[in-house]
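Visitor: Input data-v9.cif, format and content: mmCIF, C-alpha atoms.
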data_coords
loop_
_atom_site.label_atom_id
_atom_site.label_comp_id
_atom_site.auth_asym_id
_atom_site.auth_seq_id
_atom_site.Cartn_x
_atom_site.Cartn_y
_atom_site.Cartn_z
CA MET R 26 50.61 -51.00 -13.17
CA SER R 27 52.19 -52.82 -16.13
CA VAL R 28 54.84 -50.14 -16.40
CA GLN R 29 56.12 -50.89 -12.95
CA THR R 30 56.86 -54.53 -13.69
CA ALA R 31 59.06 -53.50 -16.59
CA GLY R 32 60.91 -50.92 -14.52
CA ASN R 33 63.81 -51.25 -12.13
CA MET R 34 62.19 -49.66 -9.11
CA PRO R 35 62.76 -51.73 -6.02
CA GLY R 36 59.52 -52.69 -4.25
CA ALA R 37 56.67 -50.44 -3.24
CA PRO R 38 56.98 -46.64 -3.10
CA GLN R 39 58.33 -45.33 0.17
CA GLN R 40 56.20 -43.47 2.68
CA GLN R 41 56.95 -40.11 4.17
CA ILE R 42 57.97 -40.38 7.82
CA GLN R 43 55.76 -39.01 10.56
CA LEU R 44 57.62 -36.31 12.47
CA PRO R 45 57.58 -36.50 16.28
CA LEU R 46 55.39 -34.07 18.22
CA SER R 47 58.50 -32.40 19.62
CA LYS R 48 59.43 -31.27 16.10
CA ALA R 49 55.97 -29.75 15.59
CA TRP R 50 56.25 -28.04 18.97
CA GLU R 51 59.65 -26.64 17.98
CA ILE R 52 58.42 -25.30 14.63
CA SER R 53 55.23 -23.85 16.17
CA LEU R 54 57.13 -21.99 18.88
CA LYS R 55 59.52 -20.62 16.29
CA SER R 56 56.63 -19.58 14.10
CA ILE R 57 54.95 -17.70 16.98
CA ARG R 58 58.20 -16.07 18.05
CA ILE R 59 59.19 -15.04 14.54
CA ARG R 60 55.88 -13.35 13.79
CA LEU R 61 55.52 -12.11 17.34
CA GLY R 62 53.65 -8.93 16.40
CA ARG R 63 51.03 -10.85 14.43
CA SER R 64 50.76 -13.50 17.16
CA LEU R 65 50.23 -10.82 19.80
CA ILE R 66 47.40 -9.27 17.79
CA THR R 67 45.71 -12.67 17.45
CA ALA R 68 46.25 -13.44 21.13
CA SER R 69 44.93 -10.03 22.17
CA GLY R 70 41.75 -10.76 20.19
CA ILE R 71 41.28 -13.76 22.46
CA LEU R 72 42.41 -11.79 25.51
CA LEU R 73 39.94 -8.95 25.03
CA GLY R 74 37.04 -11.31 24.34
CA ILE R 75 37.71 -13.31 27.50
CA ALA R 76 38.38 -10.11 29.47
CA PHE R 77 34.94 -8.78 28.52
CA PHE R 78 33.31 -12.08 29.46
CA SER R 79 35.22 -12.29 32.76
CA SER R 80 34.44 -8.72 33.75
CA VAL R 81 30.72 -9.42 33.39
CA ARG R 82 31.09 -12.62 35.37
CA THR R 83 33.14 -11.00 38.14
CA VAL R 84 30.36 -8.52 38.90
CA THR R 85 28.08 -11.43 39.83
CA LEU R 86 30.43 -12.31 42.70
CA PHE R 87 29.51 -9.15 44.54
CA PRO R 88 26.27 -9.21 46.57
CA ILE R 89 23.29 -7.60 44.93
CA LYS R 90 22.11 -4.60 46.93
CA ALA R 91 18.57 -4.54 45.63
CA ALA R 92 15.88 -6.86 46.96
CA GLY R 93 12.75 -8.58 45.63
CA PRO R 94 11.83 -8.14 41.96
CA ALA R 95 14.68 -5.67 41.46
CA ALA R 96 17.19 -8.36 42.48
CA ILE R 97 15.71 -10.81 39.98
CA ALA R 98 15.87 -8.18 37.27
CA GLU R 99 19.49 -7.50 38.17
CA GLN R 100 20.33 -11.21 37.99
CA SER R 101 18.73 -11.73 34.61
CA ARG R 102 20.53 -8.62 33.34
CA HIS R 103 23.82 -10.23 34.41
CA SER R 104 22.96 -13.51 32.66
CA PHE R 105 22.03 -11.67 29.49
CA LEU R 106 25.28 -9.70 29.58
CA ALA R 107 27.29 -12.87 30.14
CA ILE R 108 25.69 -14.59 27.13
CA MET R 109 26.23 -11.53 24.95
CA ALA R 110 29.83 -11.31 26.14
CA LEU R 111 30.35 -14.95 25.24
CA LEU R 112 28.98 -14.42 21.73
CA VAL R 113 31.05 -11.29 21.13
CA CYS R 114 34.08 -13.13 22.44
CA PHE R 115 33.47 -16.12 20.15
CA VAL R 116 33.04 -13.98 17.06
CA GLY R 117 36.23 -12.08 17.93
CA ILE R 118 38.24 -15.26 18.41
CA MET R 119 36.75 -16.84 15.29
CA ASN R 120 37.76 -13.81 13.26
CA SER R 121 41.31 -13.75 14.64
CA MET R 122 41.87 -17.46 14.07
CA LEU R 123 40.31 -17.51 10.59
CA MET R 124 42.59 -14.67 9.53
CA SER R 125 45.68 -16.23 11.03
CA VAL R 126 45.11 -19.46 9.09
CA THR R 127 43.88 -18.08 5.77
CA GLU R 128 46.70 -15.56 5.48
CA ARG R 129 49.04 -18.54 5.53
CA PHE R 130 47.48 -20.66 2.76
CA ARG R 131 50.50 -20.11 0.52
CA GLU R 132 52.81 -21.08 3.33
CA ILE R 133 50.81 -24.27 3.82
CA GLY R 134 51.01 -25.02 0.08
CA THR R 135 54.76 -24.43 0.14
CA MET R 136 55.23 -26.72 3.14
CA LYS R 137 53.32 -29.47 1.37
CA CYS R 138 55.60 -29.08 -1.64
CA LEU R 139 58.56 -29.59 0.67
CA GLY R 140 57.09 -32.85 1.98
CA ALA R 141 54.88 -31.91 4.95
CA LEU R 142 52.05 -34.33 5.72
CA ASP R 143 48.52 -32.95 6.16
CA GLY R 144 48.45 -34.14 9.76
CA PHE R 145 51.67 -32.33 10.55
CA ILE R 146 50.30 -29.02 9.27
CA VAL R 147 47.12 -29.45 11.32
CA THR R 148 49.26 -30.27 14.37
CA LEU R 149 51.25 -27.07 13.87
CA PHE R 150 48.10 -24.99 13.84
CA ILE R 151 46.58 -26.79 16.83
CA ILE R 152 49.71 -26.13 18.88
CA GLU R 153 49.87 -22.49 17.82
CA ALA R 154 46.16 -21.89 18.42
CA GLY R 155 46.24 -23.84 21.68
CA LEU R 156 49.15 -21.81 23.04
CA MET R 157 47.49 -18.55 22.12
CA GLY R 158 44.21 -19.80 23.60
CA VAL R 159 45.85 -20.75 26.91
CA LEU R 160 47.80 -17.51 27.31
CA GLY R 161 45.12 -15.21 25.87
CA SER R 162 42.41 -16.67 28.12
CA ALA R 163 44.54 -16.58 31.26
CA PHE R 164 45.57 -12.97 30.83
CA GLY R 165 42.10 -12.04 29.59
CA TRP R 166 40.48 -13.43 32.74
CA LEU R 167 43.07 -11.72 34.96
CA PHE R 168 42.56 -8.42 33.14
CA GLY R 169 38.74 -8.53 33.20
CA MET R 170 38.60 -9.64 36.82
CA LEU R 171 41.11 -7.07 38.06
CA ILE R 172 39.35 -4.18 36.31
CA MET R 173 36.04 -5.05 37.99
CA LEU R 174 37.73 -5.69 41.33
CA LEU R 175 39.49 -2.30 41.22
CA ALA R 176 36.26 -0.59 40.18
CA HIS R 177 34.44 -2.21 43.07
CA LEU R 178 37.18 -1.24 45.53
CA ALA R 179 37.14 2.32 44.24
CA GLY R 180 33.40 2.33 44.88
CA GLY R 181 34.05 1.52 48.52
CA GLY R 182 33.15 -2.16 48.39
CA ALA R 183 36.28 -3.47 50.16
CA HIS R 184 34.16 -5.54 52.60
CA ASP R 185 32.89 -7.69 49.67
CA VAL R 186 36.40 -8.84 48.82
CA ASN R 187 36.67 -11.90 51.03
CA GLY R 188 37.53 -15.57 50.76
CA ALA R 189 34.27 -16.36 48.99
CA PHE R 190 35.08 -13.76 46.34
CA PHE R 191 38.52 -15.25 45.67
CA SER R 192 37.29 -18.83 45.47
CA GLY R 193 34.46 -17.69 43.17
CA ALA R 194 36.94 -15.78 41.02
CA ALA R 195 39.21 -18.82 40.82
CA ILE R 196 36.34 -21.01 39.60
CA GLN R 197 35.44 -18.36 37.02
CA GLY R 198 39.09 -18.28 35.97
CA VAL R 199 39.09 -22.01 35.25
CA GLN R 200 35.79 -21.64 33.35
CA ALA R 201 37.16 -18.75 31.29
CA GLU R 202 40.30 -20.74 30.50
CA ILE R 203 38.29 -23.76 29.30
CA ILE R 204 35.91 -21.61 27.28
CA GLY R 205 38.81 -19.68 25.71
CA ILE R 206 40.73 -22.80 24.68
CA VAL R 207 37.67 -24.60 23.33
CA MET R 208 36.60 -21.52 21.34
CA THR R 209 40.10 -21.03 19.94
CA LEU R 210 40.37 -24.64 18.81
CA VAL R 211 36.82 -24.77 17.43
CA ALA R 212 37.58 -21.64 15.42
CA SER R 213 40.95 -22.76 14.07
CA ILE R 214 40.86 -26.52 13.52
CA PRO R 215 38.27 -26.69 10.70
CA THR R 216 40.10 -23.98 8.76
CA ALA R 217 43.47 -25.64 9.30
CA VAL R 218 42.12 -29.04 8.21
CA ARG R 219 40.57 -27.50 5.11
CA ALA R 220 43.85 -25.73 4.26
CA ALA R 221 45.94 -28.85 4.88
CA LYS R 222 43.71 -31.02 2.68
CA MET R 223 43.80 -28.66 -0.31
CA PRO R 224 45.91 -29.80 -3.24
CA PRO R 225 49.13 -27.75 -2.95
CA ALA R 226 48.44 -26.09 -6.31
CA ALA R 227 45.17 -24.63 -4.98
CA ALA R 228 46.77 -23.45 -1.74
CA LEU R 229 49.60 -21.78 -3.65
CA ARG R 230 47.17 -20.04 -6.01
CA SER R 231 45.24 -18.40 -3.19
CA GLU R 232 45.75 -14.68 -2.70
CA VAL R 233 44.96 -12.98 0.61
CA MET B 10 69.68 -47.22 -20.87
CA GLY B 11 66.69 -49.40 -20.09
CA ALA B 12 63.15 -48.62 -19.02
CA ASN B 13 64.56 -46.14 -16.52
CA GLU B 14 65.70 -43.79 -19.26
CA TYR B 15 62.62 -41.69 -18.67
CA VAL B 16 62.27 -39.96 -15.32
CA VAL B 17 58.80 -38.56 -16.08
CA ARG B 18 56.18 -39.89 -18.48
CA THR B 19 52.69 -38.56 -18.95
CA LYS B 20 49.91 -40.33 -20.82
CA GLY B 21 46.77 -38.63 -22.08
CA LEU B 22 46.70 -35.94 -19.39
CA VAL B 23 43.42 -34.04 -19.21
CA LYS B 24 42.58 -31.32 -16.70
CA GLU B 25 39.46 -29.21 -16.74
CA PHE B 26 38.58 -26.12 -14.76
CA HIS B 27 35.02 -25.05 -14.11
CA MET B 28 34.39 -21.34 -14.28
CA GLY B 29 30.71 -20.98 -13.55
CA ASP B 30 28.91 -22.82 -16.35
CA GLU B 31 31.92 -22.76 -18.62
CA VAL B 32 34.37 -25.67 -18.70
CA VAL B 33 37.92 -24.78 -19.67
CA ARG B 34 40.12 -27.66 -20.75
CA ALA B 35 43.57 -26.58 -19.60
CA LEU B 36 45.18 -29.86 -20.63
CA ASN B 37 43.75 -31.82 -23.52
CA GLY B 38 45.60 -35.10 -23.87
CA VAL B 39 49.28 -34.50 -23.19
CA ASP B 40 51.73 -37.36 -23.81
CA LEU B 41 55.26 -36.45 -22.84
CA ASP B 42 58.37 -38.51 -22.04
CA ILE B 43 61.14 -36.69 -20.19
CA LYS B 44 64.62 -38.21 -20.19
CA ARG B 45 66.73 -38.56 -17.08
CA GLY B 46 69.24 -35.73 -16.80
CA GLU B 47 67.84 -33.52 -19.52
CA TYR B 48 67.03 -29.82 -19.36
CA LEU B 49 63.54 -29.52 -20.73
CA SER B 50 61.62 -26.32 -21.26
CA ILE B 51 57.87 -26.23 -21.60
CA MET B 52 57.16 -23.10 -23.61
CA GLY B 53 53.89 -21.47 -24.48
CA PRO B 54 51.90 -18.27 -24.07
CA SER B 55 50.10 -17.66 -20.78
CA GLY B 56 46.90 -19.68 -20.57
CA SER B 57 48.35 -22.42 -22.77
CA GLY B 58 48.25 -24.95 -19.96
CA LYS B 59 51.94 -25.09 -19.05
CA SER B 60 51.41 -24.29 -15.37
CA THR B 61 48.67 -26.92 -15.21
CA LEU B 62 51.09 -29.42 -16.75
CA PHE B 63 53.72 -28.32 -14.22
CA ASN B 64 51.27 -28.94 -11.35
CA ALA B 65 50.30 -32.36 -12.73
CA ILE B 66 53.92 -33.49 -13.16
CA GLY B 67 54.80 -32.22 -9.70
CA GLY B 68 51.90 -33.96 -7.99
CA LEU B 69 50.51 -30.62 -6.84
CA ASP B 70 47.15 -31.19 -8.50
CA ARG B 71 45.43 -34.32 -9.75
CA PRO B 72 44.58 -34.55 -13.45
CA ASP B 73 40.98 -35.43 -14.37
CA SER B 74 42.20 -38.28 -16.53
CA GLY B 75 45.46 -39.69 -17.81
CA SER B 76 48.51 -40.60 -15.76
CA VAL B 77 51.85 -39.25 -14.67
CA PHE B 78 54.66 -41.74 -14.05
CA ILE B 79 57.63 -40.62 -11.98
CA ASN B 80 60.47 -43.14 -12.16
CA ASP B 81 57.92 -45.58 -13.61
CA VAL B 82 55.57 -45.22 -10.63
CA ASP B 83 52.02 -44.10 -11.41
CA MET B 84 51.39 -41.06 -9.26
CA ALA B 85 47.64 -41.71 -9.12
CA GLN B 86 48.35 -44.94 -7.22
CA LEU B 87 50.18 -43.17 -4.40
CA ASP B 88 48.52 -42.44 -1.07
CA ALA B 89 49.04 -39.17 0.78
CA LYS B 90 52.15 -40.34 2.62
CA GLU B 91 53.78 -41.75 -0.49
CA LEU B 92 52.98 -38.56 -2.38
CA ALA B 93 54.52 -36.49 0.41
CA TYR B 94 57.63 -38.70 0.27
CA LEU B 95 57.85 -38.10 -3.47
CA ARG B 96 57.51 -34.32 -3.09
CA CYS B 97 60.09 -34.34 -0.34
CA HIS B 98 62.77 -36.60 -1.82
CA THR B 99 62.30 -36.90 -5.57
CA ILE B 100 61.10 -33.49 -6.72
CA GLY B 101 62.37 -30.00 -5.96
CA TYR B 102 60.10 -27.06 -6.74
CA ILE B 103 60.95 -23.53 -7.86
CA PHE B 104 58.25 -20.90 -8.34
CA GLN B 105 57.89 -17.59 -10.11
CA THR B 106 57.08 -15.90 -6.80
CA PHE B 107 59.92 -17.72 -4.97
CA ASN B 108 57.52 -18.83 -2.19
CA LEU B 109 60.07 -18.57 0.57
CA LEU B 110 58.63 -18.53 4.08
CA PRO B 111 58.92 -14.84 4.94
CA SER B 112 59.43 -15.43 8.64
CA MET B 113 62.46 -17.67 8.17
CA THR B 114 66.07 -16.88 7.29
CA ALA B 115 67.66 -18.20 4.09
CA LEU B 116 69.23 -21.09 6.00
CA GLU B 117 65.99 -21.93 7.84
CA ASN B 118 64.09 -21.97 4.55
CA VAL B 119 66.65 -24.32 3.03
CA THR B 120 66.75 -26.67 6.03
CA LEU B 121 62.94 -27.04 6.21
CA PRO B 122 62.78 -29.86 3.62
CA THR B 123 65.56 -31.68 5.47
CA VAL B 124 63.39 -31.57 8.61
CA PHE B 125 60.56 -33.24 6.67
CA ALA B 126 63.08 -35.80 5.37
CA GLY B 127 63.91 -36.71 8.96
CA MET B 128 67.45 -35.30 9.11
CA THR B 129 68.70 -34.13 12.48
CA THR B 130 69.08 -30.37 13.01
CA ASP B 131 72.87 -30.57 12.67
CA GLU B 132 72.74 -32.62 9.48
CA GLY B 133 70.14 -30.26 8.07
CA ILE B 134 72.20 -27.16 8.81
CA GLU B 135 75.28 -28.76 7.30
CA ARG B 136 73.35 -29.67 4.15
CA GLY B 137 71.70 -26.21 4.08
CA ILE B 138 75.06 -24.42 4.15
CA GLU B 139 76.38 -26.78 1.49
CA VAL B 140 73.55 -26.04 -0.99
CA LEU B 141 73.54 -22.31 -0.23
CA ASN B 142 77.25 -22.28 -1.05
CA LEU B 143 76.45 -24.17 -4.23
CA VAL B 144 74.12 -21.39 -5.40
CA GLY B 145 76.60 -18.70 -4.35
CA LEU B 146 74.80 -17.46 -1.23
CA GLY B 147 77.11 -18.78 1.46
CA HIS B 148 77.47 -15.22 2.75
CA ARG B 149 73.73 -14.61 3.18
CA LEU B 150 72.78 -17.52 5.46
CA HIS B 151 70.98 -15.52 8.12
CA HIS B 152 69.19 -12.97 5.96
CA ARG B 153 65.40 -12.90 5.75
CA PRO B 154 63.78 -12.97 2.29
CA THR B 155 62.90 -9.26 2.63
CA GLN B 156 66.59 -8.48 3.05
CA LEU B 157 67.48 -10.24 -0.20
CA SER B 158 67.13 -9.15 -3.83
CA GLY B 159 64.80 -11.04 -6.18
CA GLY B 160 67.70 -12.93 -7.73
CA GLN B 161 69.05 -13.87 -4.31
CA GLN B 162 65.61 -15.04 -3.17
CA GLN B 163 65.35 -17.26 -6.23
CA ARG B 164 68.80 -18.67 -5.44
CA VAL B 165 67.59 -19.52 -1.93
CA ALA B 166 64.55 -21.21 -3.52
CA ILE B 167 66.85 -23.20 -5.83
CA ALA B 168 68.99 -24.23 -2.84
CA ARG B 169 65.84 -25.30 -1.00
CA ALA B 170 64.72 -27.34 -4.02
CA LEU B 171 68.09 -29.14 -4.01
CA ALA B 172 68.25 -29.76 -0.24
CA ASN B 173 67.12 -33.39 -0.38
CA THR B 174 69.07 -34.17 -3.60
CA PRO B 175 66.01 -34.68 -5.81
CA SER B 176 66.27 -36.33 -9.19
CA ILE B 177 63.93 -33.73 -10.72
CA VAL B 178 63.76 -29.98 -10.28
CA LEU B 179 60.52 -28.42 -11.48
CA ALA B 180 60.62 -24.72 -12.16
CA ASP B 181 57.46 -22.70 -12.90
CA GLU B 182 58.40 -19.43 -14.61
CA PRO B 183 61.60 -19.16 -12.55
CA THR B 184 62.64 -15.93 -14.28
CA GLY B 185 59.16 -14.39 -14.45
CA ASN B 186 59.72 -11.92 -11.60
CA LEU B 187 63.35 -11.11 -12.40
CA ASP B 188 65.02 -8.52 -14.61
CA LEU B 189 66.85 -9.56 -17.78
CA LYS B 190 70.34 -9.89 -16.31
CA THR B 191 69.26 -11.63 -13.10
CA GLY B 192 67.08 -13.93 -15.16
CA GLU B 193 70.09 -14.89 -17.26
CA GLU B 194 72.11 -15.61 -14.13
CA ILE B 195 69.38 -17.87 -12.74
CA ILE B 196 69.11 -19.72 -16.06
CA ALA B 197 72.90 -20.18 -16.14
CA LEU B 198 72.79 -21.50 -12.56
CA LEU B 199 70.04 -24.00 -13.40
CA ARG B 200 72.00 -25.18 -16.45
CA GLU B 201 75.15 -25.55 -14.36
CA LEU B 202 73.33 -27.61 -11.72
CA ASN B 203 71.83 -29.72 -14.49
CA GLN B 204 75.26 -30.46 -15.94
CA LYS B 205 77.28 -30.78 -12.73
CA GLU B 206 74.77 -32.47 -10.43
CA GLY B 207 72.95 -34.39 -13.15
CA VAL B 208 69.54 -33.26 -11.93
CA THR B 209 66.72 -33.26 -14.48
CA ILE B 210 65.34 -29.76 -14.93
CA ILE B 211 61.81 -29.21 -16.17
CA SER B 212 60.90 -25.59 -16.59
CA ALA B 213 57.57 -24.09 -17.59
CA THR B 214 58.33 -20.70 -19.06
CA HIS B 215 57.67 -18.15 -21.76
CA ASP B 216 61.14 -16.68 -21.40
CA TYR B 217 62.96 -17.19 -24.73
CA LYS B 218 66.33 -16.92 -22.95
CA MET B 219 65.58 -20.41 -21.69
CA VAL B 220 65.66 -21.89 -25.21
CA ASP B 221 69.44 -21.51 -25.53
CA VAL B 222 70.24 -23.80 -22.62
CA SER B 223 67.50 -26.40 -23.10
CA ASP B 224 68.18 -29.89 -24.41
CA ARG B 225 64.62 -30.04 -25.65
CA VAL B 226 61.81 -27.57 -25.91
CA VAL B 227 58.16 -28.59 -25.74
CA TRP B 228 55.86 -26.03 -27.29
CA ILE B 229 52.42 -26.20 -25.80
CA ARG B 230 49.30 -24.51 -27.04
CA ASP B 231 45.64 -24.80 -26.05
CA GLY B 232 46.41 -27.66 -23.71
CA LYS B 233 48.17 -29.75 -26.35
CA ILE B 234 51.75 -30.30 -27.39
CA ALA B 235 52.21 -28.34 -30.59
CA LYS B 236 55.81 -29.33 -31.21
CA ILE B 237 58.83 -30.91 -29.51
CA GLU B 238 62.23 -29.76 -30.67
CA GLU B 239 65.71 -31.10 -30.00
CA ARG B 240 68.42 -28.63 -29.09
CA ALA B 241 70.09 -28.99 -32.51
CA ASP B 242 66.96 -27.93 -34.41
CA ILE B 243 65.93 -25.10 -32.13
CA LYS B 244 68.04 -22.18 -33.30
CA VAL B 245 66.76 -22.21 -36.87
CA SER B 246 63.08 -22.41 -36.10
CA VAL B 247 62.61 -20.29 -32.98
CA GLY B 248 61.40 -17.30 -34.96
CA GLU B 249 58.92 -19.37 -36.88
CA VAL B 250 57.34 -21.11 -33.89
CA GLU B 251 57.45 -17.94 -31.86
CA GLY B 252 55.57 -16.21 -34.65
CA ALA B 253 53.06 -19.02 -34.85
CA LEU B 254 52.40 -19.00 -31.12
CA GLU B 255 52.08 -15.25 -30.77
CA THR B 256 49.28 -14.93 -33.33
#
As structure tokens, please, write out the structure in this file.

Guide:
Amino acid sequence: MSVQTAGNMPGAPQQQIQLPLSKAWEISLKSIRIRLGRSLITASGILLGIAFFSSVRTVTLFPIKAAGPAAIAEQSRHSFLAIMALLVCFVGIMNSMLMSVTERFREIGTMKCLGALDGFIVTLFIIEAGLMGVLGSAFGWLFGMLIMLLAHLAGGGAHDVNGAFFSGAAIQGVQAEIIGIVMTLVASIPTAVRAAKMPPAAALRSEV
Amino acid sequence: MGANEYVVRTKGLVKEFHMGDEVVRALNGVDLDIKRGEYLSIMGPSGSGKSTLFNAIGGLDRPDSGSVFINDVDMAQLDAKELAYLRCHTIGYIFQTFNLLPSMTALENVTLPTVFAGMTTDEGIERGIEVLNLVGLGHRLHHRPTQLSGGQQQRVAIARALANTPSIVLADEPTGNLDLKTGEEIIALLRELNQKEGVTIISATHDYKMVDVSDRVVWIRDGKIAKIEERADIKVSVGEVEGALET
């Protein structure tokens, strides 16, 4: 650092300020609103995945008509379907979130050129993904549950729709919400961190 | 002028790229001193290493060896936050592909760096309108990039680069995606900003229109500086060097 002693720079180099969370929130909301069409497609990926999962889960709230070995078979079929639904749902969300981050590599590179800190970029993506996760999961659960409920009612099962059904559905709703948010964040954070850590030149070079 | 005469200095810059088993040396020992307030063009055919040099000077990529000093500060010594501060306040970037955020209006694009600099929204908007007026786009504040011509988009990008009053503007092929006339207008604008605002302009280009306005031209070839010419000497020898580089 011999050059610095000869120079007329005052003191140590200055550090970039950390922006408050409210600023990240503001930019994220704007970003979702501005590309509303794209955000809706991503959110509907989450919505449909959770809807599929919830529809399978809702069926388990209705009493099984069969008895004995047939009932056990029915139960294991439900468990299998629920696990499959969860996997399909995860892959769908993963795909949506990966796309929504990678298609914005250049944008991330540009933001870093303008002075954005890595942490700020990751925060932006966490807020965006989190919001889509919360809304997508909530509507997905509602959609999946209502479809199965209506189907059951149409089949003449009105007597099964009682207090126990609603409390069971509410618990499933909370589960679906947690699963949806966790899956969304797990799918988006590693990609966002990777993108934010890239040297800006590499992010700007990337073509999608 | 003292030690601060030079705004950018590079020493022995080397950058290698690995393409499979092959190692390509994009920069092979570049020493370059850039004076405060000058308009410098880095010329050379594509693949000569000028974009790599641009990225190294701008702190967008780390060289494998050698150093870049900005205002006498060694960039390799900076941590992430100091580097972000430098990109935000000291350097403005202009790209061949404009790199505006497509979802934002001209004004929103220009105010983004002021947000990172910690300005309030009102201050940022005021500054944004000021710089957009400076580049002659005061009447296009709320247009999206898709609603603007290439030349207008590049003007927005120039305004964005100037938003935090940097001491250096780095331009990578700023006229590369523009037609002849628009390219000339952008070059004239850059020269005007250089003379009126005193901002140092460093432009990587292979556009010969740039030579006329440059104070100095650095000819780069195969990752090395082939020749540095002062403005006074340029006119006579352009044909010769051009010929030498094109072979």

Visitor: Quick one: residues within 9 Å of Thr127 (chain R), only C-alpha atoms, excluding same-chain residues fewer than 5 positions away - as a PDB file with C-alpha atoms, in the frame of the given file?

Guide:
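Final output, result33.pdb:
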ATOM      1  CA  MET R 122      41.870 -17.460  14.070  1.00  0.00           C
ATOM      2  CA  THR R 216      40.100 -23.980   8.760  1.00  0.00           C
ATOM      3  CA  ALA R 217      43.470 -25.640   9.300  1.00  0.00           C
ATOM      4  CA  ALA R 220      43.850 -25.730   4.260  1.00  0.00           C
ATOM      5  CA  VAL R 233      44.960 -12.980   0.610  1.00  0.00           C
TER       6      VAL R 233
END

Visitor: Tell me which residues the PyMOL selection byres ((chain B) within 7 of (chain R)) grabs here, as a list in words.

Guide: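 The output of the PyMOL selection byres ((chain B) within 7 of (chain R)) on this file is Ala12, Asn13, Asn64, Leu69, Asp70, Asp81, Val82, Lys90, Glu91, Ala93, Tyr94, Arg96, Cys97, Asn108, Leu110, Ser112, Pro122 and Phe125 of chain B.
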
Visitor: Print the selection's residues with C-alpha atoms to a file, as an mmCIF file, keeping the file's coordinate frame.

Guide:
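Once everything was written out, this is result-v6.cif:
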data_model
loop_
_atom_site.group_PDB
_atom_site.id
_atom_site.type_symbol
_atom_site.label_atom_id
_atom_site.label_comp_id
_atom_site.auth_asym_id
_atom_site.auth_seq_id
_atom_site.Cartn_x
_atom_site.Cartn_y
_atom_site.Cartn_z
ATOM 1 C CA ALA B 12 63.150 -48.620 -19.020
ATOM 2 C CA ASN B 13 64.560 -46.140 -16.520
ATOM 3 C CA ASN B 64 51.270 -28.940 -11.350
ATOM 4 C CA LEU B 69 50.510 -30.620 -6.840
ATOM 5 C CA ASP B 70 47.150 -31.190 -8.500
ATOM 6 C CA ASP B 81 57.920 -45.580 -13.610
ATOM 7 C CA VAL B 82 55.570 -45.220 -10.630
ATOM 8 C CA LYS B 90 52.150 -40.340 2.620
ATOM 9 C CA GLU B 91 53.780 -41.750 -0.490
ATOM 10 C CA ALA B 93 54.520 -36.490 0.410
ATOM 11 C CA TYR B 94 57.630 -38.700 0.270
ATOM 12 C CA ARG B 96 57.510 -34.320 -3.090
ATOM 13 C CA CYS B 97 60.090 -34.340 -0.340
ATOM 14 C CA ASN B 108 57.520 -18.830 -2.190
ATOM 15 C CA LEU B 110 58.630 -18.530 4.080
ATOM 16 C CA SER B 112 59.430 -15.430 8.640
ATOM 17 C CA PRO B 122 62.780 -29.860 3.620
ATOM 18 C CA PHE B 125 60.560 -33.240 6.670
#

Visitor: Please define a box with edges along x, y and z of the file around all atoms of region 109-124 of chain B given in the file, extend it by 4 Å on each side, and return its centre and edge lengths in Å to one decimal, as lines of an AutoDock Vina configuration file.

Guide:
center_x = 63.9
center_y = -23.3
center_z = 4.6
size_x = 18.6
size_y = 24.8
size_z = 16.1

Visitor: Write out as JSON, numbers by chain the residues lying within 9 Å of region 97-111 of chain R, counting all atoms listed in the file and excluding same-chain residues fewer than 6 positions away.

Guide: {"R": [74, 75, 77, 78, 79, 81, 82, 84, 85, 89, 91, 204]}

Visitor: Please measure the separation of CA of Lys44 (chain B) and CA of Arg18 (chain B), giving the value in Å to one decimal.

Guide: 8.8 Å

Visitor: In terms of the shortest atom-to-atom distance over all atoms listed in the file, which of B:His27, B:Arg200, B:His98, B:Arg169 is closest to Asn118 (chain B)?

Guide: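 Closest to Asn118 (chain B) of all the choices is B:Arg169.
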
Visitor: To test your reading of the syntax: which residues would the PyMOL selection byres ((chain B and resi 139-142) around 10) return for the file shown? Reply as a compact mmCIF listing (two decimals) with C-alpha atoms, keeping the file's coordinate frame.

Guide:
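Okay, expr-v4.txt is ready:
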# COMPACT_ATOMS: atom_id res chain seq x y z
CA ALA B 115 67.66 -18.20 4.09
CA LEU B 116 69.23 -21.09 6.00
CA VAL B 119 66.65 -24.32 3.03
CA THR B 120 66.75 -26.67 6.03
CA GLY B 133 70.14 -30.26 8.07
CA ILE B 134 72.20 -27.16 8.81
CA GLU B 135 75.28 -28.76 7.30
CA ARG B 136 73.35 -29.67 4.15
CA GLY B 137 71.70 -26.21 4.08
CA ILE B 138 75.06 -24.42 4.15
CA LEU B 143 76.45 -24.17 -4.23
CA VAL B 144 74.12 -21.39 -5.40
CA GLY B 145 76.60 -18.70 -4.35
CA LEU B 146 74.80 -17.46 -1.23
CA GLY B 147 77.11 -18.78 1.46
CA HIS B 148 77.47 -15.22 2.75
CA ARG B 149 73.73 -14.61 3.18
CA LEU B 150 72.78 -17.52 5.46
CA ARG B 164 68.80 -18.67 -5.44
CA VAL B 165 67.59 -19.52 -1.93
CA ALA B 166 64.55 -21.21 -3.52
CA ILE B 167 66.85 -23.20 -5.83
CA ALA B 168 68.99 -24.23 -2.84
CA ARG B 169 65.84 -25.30 -1.00
CA ALA B 170 64.72 -27.34 -4.02
CA LEU B 171 68.09 -29.14 -4.01
CA ALA B 172 68.25 -29.76 -0.24
CA ASN B 173 67.12 -33.39 -0.38
CA THR B 174 69.07 -34.17 -3.60

Visitor: Save region 94-98 of chain B to a file: C-alpha atoms, as a tab-separated table (two decimals), in the first residue's frame.

Guide:
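The result, stored in selection-v2.tsv:
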chain	number	residue	atom	x	y	z
B	94	TYR	CA	-19.28	2.00	-2.35
B	95	LEU	CA	-16.74	2.51	-5.12
B	96	ARG	CA	-19.10	1.18	-7.81
B	97	CYS	CA	-21.89	3.33	-6.45
B	98	HIS	CA	-20.12	6.66	-5.93
